[in-house]
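Enquirer: I'd like to ask some things about the structure below.
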Amino acid sequence: MLDEWRFPNRATPEGSAAYYSLRFAPKDLRDDLAVLLAWRHEVHAVLEDVSDPGVARLKLHWWRNELDLAFTGKPSHPLIKALQPVLAQHALPQALFTSIAERMESEVLRRQPADEADLDAACDRDMGALFELIVRCHGLTDPVSLATARRLGIFCARVYLIRDSGALARKGRTVLSVERLQRHGLSAEALTRHEHRIRLSDLLAPSAAETRSKLVTSHLNRRMPACIRARTRILETLLHEIEIAGFDVADQRIGLTPLRKLWLAWRESRRN
């Protein structure tokens, strides 16, 4: 595997929640997991790097073609070449990678989730799929473990939506469901304007409560690999900090210090 994609890589930079979660993964799995996160990172980057929707869809289509070649032939991109043996070693389903790409295409097309169930489904197609890939790399394939991983993935994805809601709203991206916005006489387009975006602090409180409902019982959580438990603990603490700040995220990004992330990940890794 090229050093560019080994842990840590551009998807797991030092100081990030992804970095500290993988620090507590088994050493022989870190590079494999880092490649999985790199795939998601590069697919997400299309949305950030390309402003033209048509070009963005073409780039996503190219990534999906490369993924097809990883399963059936010889891919050309170094990341996909690094991913290929990981797919074989852990018998990872192609559908999970496709799910992440399809989620990004929905963002390119500005498809807003209709209601809370639709928002959960969108988060599940992204981080839910990623977390399932991670637990499969740990050899966990039973239905309870897979379902628990995906639920925690939904939780983490929704926390990120809350954290980034100000920046996402400015771009007309997914923040809340259409149903919740319409309840307050708003739309994704309206949130691009500052006079409406400052209302996010009122809108996000019920969304946070819905997000917390995705957390699973401690008994089921203990089934999860340490890296997923660490990521979830960091995001749960971040959500708490956002709540304390009164969801004041319209024009700022609230975060945790690297030292605090490390402490949270270490403590979670020590739990039995």
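In the structure tokens, each chain is lettered A, B, ... as it comes, each chain's residues begin at 1, and ligands are numbered from 1 in order of appearance.
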Using only C-alpha atoms, which residues sit within 12 Å of Glu14 in chain A once same-chain residues fewer than 4 positions away are excluded, as a list of chain:residue names?
Expert: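 Near neighbours after the sequence-gap exclusion: A:Phe7, A:Pro8, A:Asn9, A:Arg10, A:Ala18, A:Tyr19, A:Tyr20, A:Ser21, A:Leu22, A:Arg23, A:Thr257, A:Pro258, A:Leu259, A:Lys261, A:Leu262.
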Enquirer: Tell me, which residues of range 57-214 of chain A carry DSSP alpha helix (DSSP H), written as JSON, numbers by chain?
Expert: {"A": [57, 58, 59, 60, 61, 62, 63, 64, 65, 66, 67, 68, 69, 70, 71, 72, 78, 79, 80, 81, 82, 83, 84, 85, 86, 87, 88, 89, 90, 94, 95, 96, 97, 98, 99, 100, 101, 102, 103, 104, 105, 106, 107, 108, 116, 117, 118, 119, 120, 121, 122, 123, 129, 130, 131, 132, 133, 134, 135, 136, 137, 143, 144, 145, 146, 147, 148, 149, 150, 151, 152, 153, 154, 155, 156, 157, 158, 159, 160, 161, 162, 163, 165, 166, 167, 168, 169, 170, 178, 179, 180, 181, 182, 183, 194, 195, 196, 197, 200, 201, 202, 203, 204, 205, 206, 207, 208, 209, 210, 211, 212]}
Enquirer: Residues near range 92-106 of chain A, anyone? I mean within 6 Å using only C-alpha atoms, not counting same-chain ones fewer than 2 positions away, as a ChimeraX atom specification.
Expert: /A:87,90,108-109,111,125-126,129
Enquirer: May I have a table of the residues of range 114-233 of chain A lying at most 12 Å from range 31-43 of chain A, giving each one's closest pair of atoms and their distance in Å to one decimal, counting only C-alpha atoms, ordered by chain and ascending residue number, as a tab-separated table?
Expert:
residue	atom	partner	partner_atom	distance
A:Arg125	CA	A:Arg40	CA	11.5
A:Asp126	CA	A:Arg40	CA	8.4
A:Met127	CA	A:Arg40	CA	9.0
A:Gly128	CA	A:Arg40	CA	11.8
A:Ala129	CA	A:Arg40	CA	10.1
A:Leu130	CA	A:Leu36	CA	7.7
A:Phe131	CA	A:Leu37	CA	9.9
A:Glu132	CA	A:Leu36	CA	11.0
A:Leu133	CA	A:Leu36	CA	7.8
A:Ile134	CA	A:Leu33	CA	6.6
A:Val135	CA	A:Leu33	CA	9.8
A:Arg136	CA	A:Leu33	CA	10.4
A:Cys137	CA	A:Leu33	CA	7.7
A:His138	CA	A:Leu33	CA	9.7
A:Pro225	CA	A:Leu33	CA	12.0
A:Cys227	CA	A:Leu33	CA	9.9
A:Ile228	CA	A:Leu33	CA	11.2
Enquirer: For range 191-206 of chain A, list every protein, DNA or RNA residue within 12 Å, evaluated using only C-alpha atoms, and leave out those in the same chain fewer than 4 positions away; present the list as a compact mmCIF listing (two decimals) with C-alpha atoms, in the first residue's frame.
Expert:
# COMPACT_ATOMS: atom_id res chain seq x y z
CA GLU A 116 -37.02 12.75 9.65
CA ARG A 158 -26.54 13.81 12.25
CA VAL A 159 -24.17 15.39 14.77
CA LEU A 161 -24.97 18.00 10.16
CA ILE A 162 -25.77 19.99 13.30
CA ARG A 163 -22.15 21.11 13.75
CA ASP A 164 -21.82 22.19 10.11
CA SER A 165 -25.36 23.47 9.63
CA GLY A 166 -24.36 27.12 9.27
CA ALA A 167 -21.82 26.43 6.53
CA LEU A 168 -24.09 23.91 4.82
CA ALA A 169 -27.07 26.28 4.92
CA ARG A 170 -25.06 29.01 3.20
CA LYS A 171 -24.54 26.59 0.30
CA GLY A 172 -28.16 25.40 0.16
CA ARG A 173 -27.10 21.93 1.32
CA THR A 174 -28.98 19.46 3.52
CA VAL A 175 -29.35 20.65 7.12
CA LEU A 176 -32.86 19.69 8.19
CA SER A 177 -35.75 17.84 6.60
CA VAL A 178 -38.18 19.71 4.34
CA GLU A 179 -40.97 18.87 6.79
CA ARG A 180 -39.16 20.50 9.73
CA LEU A 181 -38.23 23.56 7.69
CA GLN A 182 -41.75 24.04 6.35
CA ARG A 183 -43.10 23.82 9.89
CA HIS A 184 -41.21 27.06 10.52
CA GLY A 185 -42.01 28.66 7.18
CA LEU A 186 -38.51 28.06 5.84
CA SER A 187 -36.74 26.28 3.00
CA GLU A 210 -34.02 13.22 17.55
CA THR A 211 -30.30 12.65 17.00
CA ARG A 212 -29.77 11.46 20.57
CA SER A 213 -32.52 8.89 20.11
CA LEU A 239 -23.27 17.47 20.57
CA HIS A 240 -23.37 18.27 24.29
CA ILE A 242 -23.18 22.52 20.90
CA GLU A 243 -26.22 22.29 23.16
CA ILE A 244 -24.43 24.22 25.91
CA ALA A 245 -23.60 26.92 23.34
CA GLY A 246 -27.29 27.25 22.51
CA PHE A 247 -26.81 25.82 19.00
CA ASP A 248 -25.05 29.03 17.98
CA VAL A 249 -23.67 27.52 14.78
CA ALA A 250 -25.12 29.82 12.12
CA ASP A 251 -21.83 31.68 11.70
CA GLN A 252 -19.31 29.60 13.63
Enquirer: Measuring atom to atom with only C-alpha atoms, identify which of A:Thr148, A:Pro143, A:Lys214, A:Lys59 is nearest to Leu47 in chain A.
Expert: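 Using only C-alpha atoms, Leu47 in chain A sits closest to A:Lys59.
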Enquirer: Work out how far apart CA of Ala56 in chain A and CA of Arg231 in chain A are and give it in Å to one decimal.
Expert: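 Rounded to one decimal, the two atoms are 29.1 Å apart.
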Enquirer: In Å, rounded to a single decimal, give me how far CA of Cys156 in chain A is from CA of Trp266 in chain A.
Expert: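 Here the two named atoms are 18.3 Å from each other.
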Enquirer: Between CA of Asp68 in chain A and CA of Gln89 in chain A, measure the distance and give it in Å to one decimal.
Expert: 16.8 Å
